[in-house]
Each structure stands twice: as structure tokens, then as C-alpha cells.
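Undergrad: Structure file structure_1.cif (mmCIF, C-alpha atoms) right here:
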```cif
data_coords
#
loop_
_atom_site.label_atom_id
_atom_site.label_comp_id
_atom_site.auth_asym_id
_atom_site.auth_seq_id
_atom_site.Cartn_x
_atom_site.Cartn_y
_atom_site.Cartn_z
CA MET A 156 12.43 25.42 -27.96
CA SER A 157 9.48 27.66 -28.21
CA ASP A 158 6.97 25.49 -26.39
CA THR A 159 8.97 24.43 -23.34
CA ASN A 160 6.99 26.76 -21.09
CA GLU A 161 3.78 24.91 -21.75
CA HIS A 162 5.38 21.67 -20.63
CA LYS A 163 7.06 23.07 -17.61
CA LEU A 164 6.97 21.14 -14.40
CA ASP A 165 7.97 22.51 -11.07
CA PRO A 166 9.23 19.64 -8.88
CA GLN A 167 10.37 21.91 -6.04
CA LYS A 168 6.76 22.92 -5.47
CA TRP A 169 5.22 19.47 -5.79
CA VAL A 170 5.06 18.54 -2.11
CA GLU A 171 3.65 21.91 -1.16
CA ARG A 172 1.11 22.01 -3.97
CA TYR A 173 0.00 18.42 -4.37
CA GLY A 174 1.24 16.62 -1.25
CA ASP A 175 -2.07 16.74 0.63
CA TYR A 176 -4.13 16.01 -2.43
CA LEU A 177 -2.15 12.93 -3.45
CA PHE A 178 -1.89 11.75 0.15
CA SER A 179 -5.68 11.98 0.56
CA TYR A 180 -6.18 10.17 -2.71
CA ALA A 181 -3.85 7.37 -1.63
CA ILE A 182 -5.16 7.02 1.91
CA GLY A 183 -8.70 6.64 0.64
CA ARG A 184 -7.50 3.60 -1.26
CA VAL A 185 -4.85 1.93 0.86
CA ASN A 186 -6.07 2.89 4.34
CA ASP A 187 -2.63 3.07 5.88
CA SER A 188 -0.91 6.42 6.33
CA GLY A 189 2.63 5.00 6.21
CA LYS A 190 1.89 3.21 2.97
CA ALA A 191 0.16 6.29 1.58
CA GLU A 192 3.22 8.46 2.35
CA ASP A 193 5.46 5.93 0.59
CA LEU A 194 3.17 5.94 -2.43
CA VAL A 195 3.27 9.75 -2.62
CA GLN A 196 7.05 9.71 -2.45
CA GLU A 197 7.34 6.99 -5.10
CA THR A 198 4.96 8.94 -7.30
CA PHE A 199 7.04 12.11 -7.14
CA LEU A 200 10.28 10.23 -7.80
CA ALA A 201 8.77 8.32 -10.73
CA ALA A 202 7.36 11.58 -12.09
CA LEU A 203 10.77 13.18 -11.87
CA LYS A 204 12.31 10.36 -13.88
CA ALA A 205 9.55 10.55 -16.47
CA ARG A 206 9.25 14.30 -16.66
CA ASP A 207 10.54 14.42 -20.23
CA ARG A 208 7.43 12.54 -21.17
CA PHE A 209 5.10 15.16 -19.68
CA ARG A 210 3.51 16.80 -22.69
CA GLY A 211 1.36 19.35 -20.97
CA ALA A 212 -1.79 17.75 -22.35
CA SER A 213 -3.07 17.52 -18.78
CA THR A 214 -2.41 19.60 -15.72
CA GLU A 215 0.51 18.79 -13.47
CA ARG A 216 -1.93 17.47 -10.85
CA THR A 217 -3.80 15.18 -13.24
CA TRP A 218 -0.53 13.83 -14.52
CA LEU A 219 0.79 13.12 -11.01
CA THR A 220 -2.53 11.54 -10.05
CA SER A 221 -2.37 9.18 -13.01
CA ILE A 222 1.08 8.04 -11.90
CA LEU A 223 -0.16 7.52 -8.34
CA LYS A 224 -3.10 5.56 -9.66
CA ARG A 225 -0.77 3.15 -11.45
CA LYS A 226 1.18 2.67 -8.23
CA ILE A 227 -1.98 1.91 -6.26
CA ILE A 228 -3.16 -0.61 -8.84
CA ASP A 229 0.26 -2.26 -8.57
CA THR A 230 -0.22 -2.72 -4.85
CA TYR A 231 -3.64 -4.29 -5.49
CA ARG A 232 -2.13 -6.58 -8.06
CA LYS A 233 0.60 -7.69 -5.67
CA LYS A 234 -1.99 -8.41 -3.01
CA TYR A 235 -4.06 -10.35 -5.48
CA SER A 236 -1.22 -12.47 -6.77
CA SER A 237 0.15 -13.19 -3.29
CA LYS A 238 -3.30 -14.50 -2.37
CA GLU A 239 -2.81 -13.42 1.18
CA SER A 240 -6.48 -13.65 1.96
CA SER A 241 -8.59 -16.71 2.40
CA PHE A 242 -10.25 -15.75 -0.87
CA GLY A 243 -7.41 -17.05 -2.92
CA GLU A 244 -9.58 -19.44 -4.85
CA HIS A 245 -12.27 -17.87 -6.95
CA ASP A 246 -13.84 -20.73 -8.76
CA GLY A 247 -16.80 -18.66 -9.79
CA THR A 248 -19.19 -20.31 -7.36
CA VAL A 249 -21.48 -17.98 -5.53
CA PHE A 250 -21.71 -20.01 -2.35
CA ASP A 251 -19.98 -18.41 0.64
CA GLY A 252 -19.98 -20.37 3.88
CA ASP A 253 -19.66 -17.21 5.98
CA PHE A 254 -23.09 -16.04 4.88
CA TYR A 255 -25.21 -19.00 3.77
CA ARG A 256 -26.26 -22.31 5.26
CA ASP A 257 -24.54 -25.36 3.91
CA GLU A 258 -26.89 -28.18 4.98
CA GLU A 259 -29.79 -29.59 2.99
CA PRO A 260 -32.58 -28.76 2.62
CA PHE A 261 -31.58 -25.22 3.54
CA LYS A 262 -28.44 -24.98 1.47
CA GLY A 263 -27.99 -21.46 0.18
CA HIS A 264 -30.37 -19.85 2.67
CA TRP A 265 -29.14 -16.96 4.77
CA LEU A 266 -27.28 -17.93 7.91
CA GLU A 267 -28.92 -16.62 11.06
CA GLY A 268 -27.94 -12.98 11.50
CA MET A 269 -25.90 -12.73 8.27
CA GLY A 270 -28.78 -11.58 6.11
CA PRO A 271 -30.40 -8.19 6.47
CA ASN A 272 -32.16 -7.48 9.75
CA SER A 273 -33.99 -4.36 8.78
CA HIS A 274 -35.45 -2.95 5.62
CA SER A 275 -32.97 -0.12 5.63
CA PHE A 276 -29.49 0.37 7.06
CA LEU A 277 -29.39 4.08 6.51
CA PRO A 278 -30.80 6.09 9.41
CA GLU A 279 -34.03 7.99 8.85
CA GLY A 280 -33.84 11.66 8.09
CA GLU A 281 -30.87 13.50 6.73
CA LEU A 282 -27.73 11.51 6.10
CA GLU A 283 -24.86 12.44 8.35
CA GLN A 284 -22.13 12.57 5.74
CA ALA A 285 -19.12 12.56 8.03
CA GLU A 286 -20.46 9.50 9.83
CA LEU A 287 -21.17 7.71 6.57
CA MET A 288 -17.61 8.37 5.38
CA LYS A 289 -16.21 7.02 8.62
CA PHE A 290 -18.29 3.85 8.51
CA ILE A 291 -17.52 3.18 4.85
CA ASN A 292 -13.81 3.54 5.53
CA LEU A 293 -13.98 1.21 8.53
CA CYS A 294 -15.94 -1.39 6.58
CA ILE A 295 -13.60 -1.27 3.58
CA GLU A 296 -10.75 -1.79 6.02
CA ASN A 297 -12.44 -4.97 7.25
CA LEU A 298 -12.68 -6.45 3.77
CA PRO A 299 -10.13 -9.07 2.76
CA ALA A 300 -7.50 -7.29 0.64
CA THR A 301 -8.47 -8.74 -2.73
CA LEU A 302 -12.14 -7.92 -2.22
CA ALA A 303 -11.23 -4.40 -1.10
CA ALA A 304 -9.22 -3.92 -4.29
CA THR A 305 -12.09 -4.86 -6.60
CA PHE A 306 -14.63 -2.94 -4.54
CA ILE A 307 -12.53 0.25 -4.54
CA MET A 308 -11.74 0.04 -8.24
CA ARG A 309 -15.39 -0.48 -9.09
CA MET A 310 -17.19 1.70 -6.54
CA ILE A 311 -14.76 4.52 -5.79
CA ASP A 312 -12.71 4.79 -8.97
CA GLU A 313 -15.68 3.74 -11.12
CA GLU A 314 -13.50 1.69 -13.42
CA ASP A 315 -15.32 -0.48 -15.94
CA SER A 316 -15.18 -4.23 -15.58
CA ASP A 317 -12.85 -4.78 -18.55
CA THR A 318 -10.25 -2.49 -17.01
CA ILE A 319 -10.44 -4.15 -13.60
CA CYS A 320 -10.16 -7.64 -15.09
CA LYS A 321 -7.19 -6.60 -17.18
CA GLU A 322 -5.40 -4.87 -14.31
CA LEU A 323 -5.88 -7.73 -11.86
CA GLY A 324 -5.61 -10.53 -14.40
CA ILE A 325 -8.95 -12.08 -13.49
CA THR A 326 -11.92 -13.28 -15.52
CA PRO A 327 -15.24 -11.41 -15.55
CA SER A 328 -17.00 -14.22 -13.68
CA ASN A 329 -14.38 -13.98 -10.93
CA LEU A 330 -14.94 -10.27 -10.78
CA TRP A 331 -18.72 -10.60 -10.41
CA VAL A 332 -18.32 -13.09 -7.59
CA MET A 333 -15.74 -10.95 -5.83
CA LEU A 334 -17.89 -7.85 -6.10
CA HIS A 335 -20.83 -9.84 -4.76
CA ARG A 336 -18.77 -11.03 -1.80
CA ALA A 337 -17.53 -7.51 -1.16
CA ARG A 338 -21.10 -6.16 -1.22
CA LEU A 339 -22.26 -8.94 1.12
CA ARG A 340 -19.67 -7.85 3.65
CA MET A 341 -20.08 -4.12 3.16
CA ARG A 342 -23.85 -4.33 3.64
CA GLU A 343 -23.53 -6.47 6.73
CA CYS A 344 -20.83 -4.25 8.21
CA LEU A 345 -22.71 -1.00 7.54
CA GLU A 346 -25.93 -2.36 9.01
CA LYS A 347 -24.12 -3.46 12.17
CA LYS A 348 -22.32 -0.13 12.50
CA TRP A 349 -25.55 1.80 12.31
CA LEU A 350 -27.46 -0.42 14.64
CA SER A 351 -24.78 -0.30 17.32
CA MET B 68 -50.55 -38.19 -8.33
CA ALA B 69 -46.77 -38.55 -8.36
CA ASN B 70 -46.79 -38.25 -12.12
CA GLY B 71 -49.62 -35.79 -12.41
CA PRO B 72 -49.27 -32.45 -14.14
CA VAL B 73 -49.19 -30.48 -10.88
CA TYR B 74 -46.39 -32.62 -9.55
CA ARG B 75 -44.44 -32.32 -12.76
CA MET B 76 -45.01 -28.60 -12.75
CA MET B 77 -43.63 -28.40 -9.21
CA VAL B 78 -40.53 -30.42 -10.10
CA PHE B 79 -40.05 -28.20 -13.13
CA MET B 80 -40.36 -25.07 -10.99
CA SER B 81 -38.10 -26.26 -8.18
CA LYS B 82 -35.32 -27.15 -10.58
CA ARG B 83 -35.42 -23.58 -11.73
CA MET B 84 -35.82 -22.00 -8.34
CA ILE B 85 -32.78 -20.33 -6.87
CA ALA B 86 -31.82 -20.00 -3.20
CA CYS B 87 -30.77 -16.83 -1.38
CA ASP B 88 -27.10 -17.20 -2.30
CA GLU B 89 -27.87 -17.11 -6.04
CA ALA B 90 -30.49 -14.42 -5.57
CA SER B 91 -28.16 -12.11 -3.66
CA PHE B 92 -25.49 -12.71 -6.28
CA LEU B 93 -27.92 -11.63 -9.00
CA ILE B 94 -28.88 -8.56 -6.95
CA SER B 95 -25.22 -7.60 -6.98
CA LEU B 96 -24.70 -8.57 -10.62
CA ARG B 97 -27.55 -6.39 -11.88
CA GLU B 98 -25.72 -3.34 -10.51
CA ASP B 99 -22.88 -4.04 -12.91
CA ARG B 100 -24.56 -5.48 -15.99
CA LYS B 101 -27.91 -6.33 -17.49
CA LEU B 102 -29.30 -9.72 -16.47
CA ASP B 103 -30.36 -12.11 -19.18
CA PHE B 104 -34.04 -13.04 -19.22
CA ARG B 105 -33.63 -16.37 -17.43
CA ARG B 106 -31.74 -14.86 -14.53
CA TRP B 107 -34.01 -11.83 -14.37
CA TRP B 108 -37.01 -14.14 -14.12
CA GLN B 109 -35.37 -16.41 -11.50
CA LEU B 110 -34.58 -13.39 -9.37
CA LYS B 111 -38.06 -11.97 -9.74
CA MET B 112 -39.64 -15.27 -8.66
CA HIS B 113 -37.30 -15.56 -5.71
CA LEU B 114 -37.98 -12.02 -4.53
CA LEU B 115 -41.73 -12.66 -4.61
CA SER B 116 -41.36 -15.32 -1.95
CA CYS B 117 -38.37 -14.16 0.11
CA HIS B 118 -38.66 -11.14 2.39
CA LEU B 119 -34.99 -11.35 3.46
CA CYS B 120 -33.77 -11.00 -0.10
CA ARG B 121 -36.22 -8.13 -0.69
CA LYS B 122 -34.58 -6.37 2.25
CA TYR B 123 -31.19 -7.29 0.86
CA ALA B 124 -32.05 -5.79 -2.51
CA HIS B 125 -33.19 -2.58 -0.83
CA GLN B 126 -29.99 -2.35 1.22
CA ILE B 127 -27.76 -2.98 -1.81
CA GLY B 128 -29.50 0.01 -3.36
CA GLU B 129 -28.62 1.97 -0.24
CA LEU B 130 -25.02 0.82 -0.50
CA GLU B 131 -24.84 2.10 -4.09
CA HIS B 132 -26.30 5.41 -2.95
CA SER B 133 -23.88 5.63 -0.01
CA MET B 134 -20.92 5.09 -2.29
CA GLU B 135 -22.19 7.87 -4.53
CA VAL B 136 -22.28 10.18 -1.53
CA TYR B 137 -18.83 8.94 -0.58
CA ARG B 138 -17.41 9.69 -4.04
CA ASP B 139 -18.88 13.19 -4.11
CA GLY B 140 -17.77 13.94 -0.57
CA CYS B 141 -14.24 12.79 -1.16
CA SER B 142 -13.64 15.24 -3.94
CA HIS B 143 -14.27 18.03 -1.42
CA GLU B 144 -12.75 19.26 1.80
CA SER B 145 -14.35 16.76 4.19
CA CYS B 146 -12.12 14.00 2.95
CA THR B 147 -8.82 15.87 2.90
CA HIS B 148 -6.01 14.32 4.86
CA HIS B 149 -2.84 16.25 5.47
CA LEU B 150 0.58 14.94 4.77
CA SER B 151 2.48 15.21 8.04
CA HIS B 152 5.20 17.82 8.27
CA GLU B 153 7.89 15.16 8.73
CA ALA B 154 6.74 13.14 5.75
CA GLY B 155 6.51 16.31 3.66
CA SER B 156 10.06 17.39 4.39
CA ARG B 157 11.40 13.87 3.97
CA ILE B 158 9.84 13.64 0.50
CA ASP B 159 11.04 17.15 -0.31
CA LYS B 160 14.57 16.11 0.62
CA GLU B 161 14.42 12.98 -1.51
CA LEU B 162 13.18 15.03 -4.42
CA SER B 163 15.90 17.66 -4.23
CA GLN B 164 18.58 14.97 -3.88
CA GLU B 165 17.25 13.40 -7.02
CA LEU B 166 17.11 16.78 -8.76
CA ASN B 167 20.66 17.68 -7.81
CA ALA B 168 21.96 14.30 -8.88
CA LYS B 169 21.03 15.16 -12.44
#
```
Give the structure from this file in C-alpha cells form.
TA:
Amino acid sequence: MSDTNEHKLDPQKWVERYGDYLFSYAIGRVNDSGKAEDLVQETFLAALKARDRFRGASTERTWLTSILKRKIIDTYRKKYSSKESSFGEHDGTVFDGDFYRDEEPFKGHWLEGMGPNSHSFLPEGELEQAELMKFINLCIENLPATLAATFIMRMIDEEDSDTICKELGITPSNLWVMLHRARLRMRECLEKKWLS
Amino acid sequence: MANGPVYRMMVFMSKRMIACDEASFLISLREDRKLDFRRWWQLKMHLLSCHLCRKYAHQIGELEHSMEVYRDGCSHESCTHHLSHEAGSRIDKELSQELNAK
């Protein structure tokens, strides 16, 4: 075959060339180094099995990343369907007893301390990027798994809502509520981190 | 008085007023899609009277900005994690076993 060179993959070099990159990609999304290592390994093995299907339309790295991405979405999907978090039921209602008062006539008002305390949670002056990264990671870690999955897909991977709904098998109204609940928690967590 | 126009106006308004839970939901929703006129108006009216939700709206903007910074930063060095040596060689071994099995 004349064009085999274009489609050539080099599995012996994968760990050396892409190991750190794929590991970083995974750890930013599953927050567990053991799990991230497993995902990298599974990705390489799956890639090896599917290497006949590599057409050289993308680079080796892009191709491996797309396989890893599928694997990560699978872990989200498993978490979502096992409903391991207390957010199993998404009936589309916006009310969330962790954040709002439940008694009339104040139903739906902010619970003491759960709404914003200051105008701004970001510190004045130049943003300390390393600190921001650290806080965001810690706060994502504190999210219930299903909320973390939607938040990461939307805010880090910048997937559109149709894709997220399809991948997780949820309706758009569920997605909006879940994203709202994730933002509620992220905002509260980031404000507390910066004030402490 | 109880049936007067002012009273009826107030009943009309209160039925259409939203509380902070709905308002904060709409603040989140408008990041992802365009609000229809009714919701846009309900949110606007709520924000006029609620300083907590005005703060909330500002902070959600900051969250969006922070995530932008996060995304940019993570495509560069500052976010690179290194695969441990042990994990690297374990995966390498698995790969070559698989290769040789062919």
C-alpha cells in the first residue's frame, strides 16, 4: 500500500509521547489519579485494538484524546445511571432545600449564609491563576458526581446541551436544573474558599 | 378596597413574581440559552428588588470568567500532571504484551 505511512501509528512510543498529556486530561475530569491511570491504560489498549480504523485524518494525539474522551463520558454515564448521589431524582423543579428556605411566606428565599455574602468572590487585583485552578478543582471535587459530570462537560469541555443530554440520557430541563445546582454549589464553595 | 384596581394589580403582580430560587435558576439558565420574554421580565423585576440575587448574578458572571481562565490555563504547562514512573512502565508492559500477542 502506498499510503500506509500516512496512517502509521507508533504504539511503542505512546506512553512516552502522550502519557502525561492524556493523564492530565483525565485527572482534570475524574479527579482521582488511580482512576486516571486506568483510563489512560484503557485508552491505549482500545486504541491498539482499533488501530486499523485510524485514518490519519487527525494527529495521533487527537485520535487518542477522542478515545479517552469516550471513556470519560462512559464513567459519567455509569455514575449517572447508578444514581449514587442524593440527586437521583431530577423532576425539573428548581427548589433545592440545601440553599433555599422551605417555609411560607419565605419559601424560595435564600437560606441564611447560602446566598452570596459579598458582591464579588474573586479577590481584587490580579487573579492568582494557580490558586484559582486549585480552588476550582477542590470545589468540583465537592460536587455530587452527577452534577460534576454535567458541569465539566458544559464548562470545561464546552459541549453543547444536545450532546450532553444525548450522552447522559437526560432531558434538557433536567440539564438546566442540574447546571443550576452545580453553579449554586460552585459559587458558594469558591466564595468560602476565598474568604477563608 | 379589597376589590379595587390597586389591590387587583398587586395580586396580578404577586402571582407573577418569582422568589430567589427561580431567579437564581434563570441567572444560570441565561448563561446557556436565551430567556423568553416572560422569564426575562420576571428576572428583571426580581433583580430590581433583591440585592442578594444581584450579587448572585455578579458572582455567576465571575464563575463563568473563572472557568474561562481555567480552560485556557489547562491547555498550558501549569495544569500538566505527570504519569508516575510505575504507572508508565505498567502501561508500557501491558501495551507490548498486547502487541506481541498479535
Undergrad: Might you spell out which residues the PyMOL selection byres ((chain A) within 7 of (chain B)) would select in the displayed file, as a count of residues only?
TA: 26
Undergrad: With the PyMOL selection byres ((chain A and resi 304) around 9) as the selection, what would be picked from this file? Answer as a list in words, please.
TA: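 Taken over the shown coordinates, the PyMOL selection byres ((chain A and resi 304) around 9) returns Arg184, Val185, Ile228, Tyr231, Arg232, Lys234, Tyr235, Pro299, Ala300, Thr301, Leu302, Ala303, Thr305, Phe306, Ile307, Met308 and Arg309 of chain A.
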Undergrad: Write to file, as a PDB file, in the frame of the given file, the residues of the selection just made, with C-alpha atoms.
TA:
```pdb
ATOM      1  CA  ARG A 184      -7.500   3.600  -1.260  1.00  0.00           C
ATOM      2  CA  VAL A 185      -4.850   1.930   0.860  1.00  0.00           C
ATOM      3  CA  ILE A 228      -3.160  -0.610  -8.840  1.00  0.00           C
ATOM      4  CA  TYR A 231      -3.640  -4.290  -5.490  1.00  0.00           C
ATOM      5  CA  ARG A 232      -2.130  -6.580  -8.060  1.00  0.00           C
ATOM      6  CA  LYS A 234      -1.990  -8.410  -3.010  1.00  0.00           C
ATOM      7  CA  TYR A 235      -4.060 -10.350  -5.480  1.00  0.00           C
ATOM      8  CA  PRO A 299     -10.130  -9.070   2.760  1.00  0.00           C
ATOM      9  CA  ALA A 300      -7.500  -7.290   0.640  1.00  0.00           C
ATOM     10  CA  THR A 301      -8.470  -8.740  -2.730  1.00  0.00           C
ATOM     11  CA  LEU A 302     -12.140  -7.920  -2.220  1.00  0.00           C
ATOM     12  CA  ALA A 303     -11.230  -4.400  -1.100  1.00  0.00           C
ATOM     13  CA  THR A 305     -12.090  -4.860  -6.600  1.00  0.00           C
ATOM     14  CA  PHE A 306     -14.630  -2.940  -4.540  1.00  0.00           C
ATOM     15  CA  ILE A 307     -12.530   0.250  -4.540  1.00  0.00           C
ATOM     16  CA  MET A 308     -11.740   0.040  -8.240  1.00  0.00           C
ATOM     17  CA  ARG A 309     -15.390  -0.480  -9.090  1.00  0.00           C
TER      18      ARG A 309
END
```
Undergrad: In Å, rounded to a single decimal, give me how far atom CA of Ser328 of chain A is from atom CA of Lys347 of chain A.
TA: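 Those two atoms sit 28.9 Å apart.
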Undergrad: Could you tell me which of A:Cys294, A:Gly280, A:Arg208, A:Lys321 comes closest to Arg338 of chain A if we count all atoms listed in the file?
TA: A:Cys294
Undergrad: Given the PyMOL selection byres ((chain A and resi 206) around 12) and the file above, list the residues it selects as a list in words.
TA: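 Selected by the PyMOL selection byres ((chain A and resi 206) around 12) here: His162, Lys163, Leu164, Asp165, Pro166, Thr198, Phe199, Leu200, Ala201, Ala202, Leu203, Lys204, Ala205, Asp207, Arg208, Phe209, Arg210, Gly211, Glu215, Trp218, Leu219 and Ile222 of chain A; Leu166 of chain B.
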Undergrad: To one decimal place in Å, what is the distance between atom CA of Ala191 of chain A and atom CA of Asp312 of chain A?
TA: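 Between these atoms lies a distance of 16.7 Å.
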Undergrad: Between A:Phe254, A:Tyr176, A:Lys262, A:Leu345, which is the closest to Leu277 of chain A once you count all atoms listed in the file?
TA: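 Closest residue, counting all atoms listed in the file: A:Leu345.
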Undergrad: Between atom CA of Cys344 of chain A and atom CA of Asp315 of chain A, what is the spacing in Å?
TA: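 Going from atom CA of Asp315 of chain A over to atom CA of Cys344 of chain A, I get 25.1 Å.
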Undergrad: Between A:Phe290, A:Glu322, A:Glu313, A:Leu298, which has the minimum distance to Leu350 of chain A (counting all atoms listed in the file)?
TA: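 With all atoms listed in the file as the atom set, the closest residue is A:Phe290.
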Undergrad: Restricting the calculation to only C-alpha atoms: of A:Gly268, A:Arg216, A:Ile227, A:Glu343, which residue gets closest to Arg172 of chain A?
TA: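 Using only C-alpha atoms, the shortest distance to Arg172 of chain A belongs to A:Arg216.
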Undergrad: Box time for segment 99-109 of chain B: axis-aligned, enclosing all its listed atoms, 8 Å extra on each side; report centre and edge lengths in Å to one decimal, as AutoDock Vina command-line options.
TA:
```
--center_x -29.9 --center_y -10.2 --center_z -15.4 --size_x 30.1 --size_y 28.4 --size_z 23.7
```
Undergrad: Mind filling out segment 254-273 of chain A with N, CA and C atoms and sending it as a tab-separated table (two decimals), in the frame of the given file?
TA:
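So selection-v9.tsv came out as:
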```tsv
chain	number	residue	atom	x	y	z
A	254	PHE	N	-21.80	-16.75	4.95
A	254	PHE	CA	-23.09	-16.04	4.88
A	254	PHE	C	-24.29	-16.95	4.69
A	255	TYR	N	-24.06	-18.15	4.10
A	255	TYR	CA	-25.21	-19.00	3.77
A	255	TYR	C	-25.09	-20.36	4.44
A	256	ARG	N	-26.24	-20.98	4.64
A	256	ARG	CA	-26.26	-22.31	5.26
A	256	ARG	C	-25.80	-23.36	4.24
A	257	ASP	N	-25.16	-24.38	4.79
A	257	ASP	CA	-24.54	-25.36	3.91
A	257	ASP	C	-25.25	-26.71	3.96
A	258	GLU	N	-26.28	-26.85	4.82
A	258	GLU	CA	-26.89	-28.18	4.98
A	258	GLU	C	-28.24	-28.24	4.27
A	259	GLU	N	-28.49	-29.39	3.63
A	259	GLU	CA	-29.79	-29.59	2.99
A	259	GLU	C	-30.85	-29.76	4.06
A	260	PRO	N	-32.07	-29.35	3.86
A	260	PRO	CA	-32.58	-28.76	2.62
A	260	PRO	C	-32.49	-27.24	2.61
A	261	PHE	N	-31.62	-26.68	3.45
A	261	PHE	CA	-31.58	-25.22	3.54
A	261	PHE	C	-30.34	-24.63	2.87
A	262	LYS	N	-29.67	-25.46	2.11
A	262	LYS	CA	-28.44	-24.98	1.47
A	262	LYS	C	-28.70	-23.70	0.67
A	263	GLY	N	-27.85	-22.71	0.92
A	263	GLY	CA	-27.99	-21.46	0.18
A	263	GLY	C	-28.90	-20.44	0.83
A	264	HIS	N	-29.57	-20.85	1.94
A	264	HIS	CA	-30.37	-19.85	2.67
A	264	HIS	C	-29.46	-19.00	3.54
A	265	TRP	N	-29.95	-17.84	3.92
A	265	TRP	CA	-29.14	-16.96	4.77
A	265	TRP	C	-28.84	-17.63	6.11
A	266	LEU	N	-27.61	-17.51	6.56
A	266	LEU	CA	-27.28	-17.93	7.91
A	266	LEU	C	-27.93	-16.95	8.88
A	267	GLU	N	-28.32	-17.46	10.01
A	267	GLU	CA	-28.92	-16.62	11.06
A	267	GLU	C	-28.06	-15.37	11.31
A	268	GLY	N	-28.65	-14.22	11.16
A	268	GLY	CA	-27.94	-12.98	11.50
A	268	GLY	C	-27.03	-12.45	10.39
A	269	MET	N	-26.80	-13.22	9.32
A	269	MET	CA	-25.90	-12.73	8.27
A	269	MET	C	-26.66	-12.06	7.13
A	270	GLY	N	-27.95	-12.29	7.08
A	270	GLY	CA	-28.78	-11.58	6.11
A	270	GLY	C	-29.20	-10.25	6.71
A	271	PRO	N	-29.97	-9.49	5.96
A	271	PRO	CA	-30.40	-8.19	6.47
A	271	PRO	C	-31.38	-8.33	7.63
A	272	ASN	N	-31.25	-7.46	8.61
A	272	ASN	CA	-32.16	-7.48	9.75
A	272	ASN	C	-33.28	-6.47	9.60
A	273	SER	N	-32.97	-5.38	8.93
A	273	SER	CA	-33.99	-4.36	8.78
A	273	SER	C	-34.15	-4.03	7.30
```
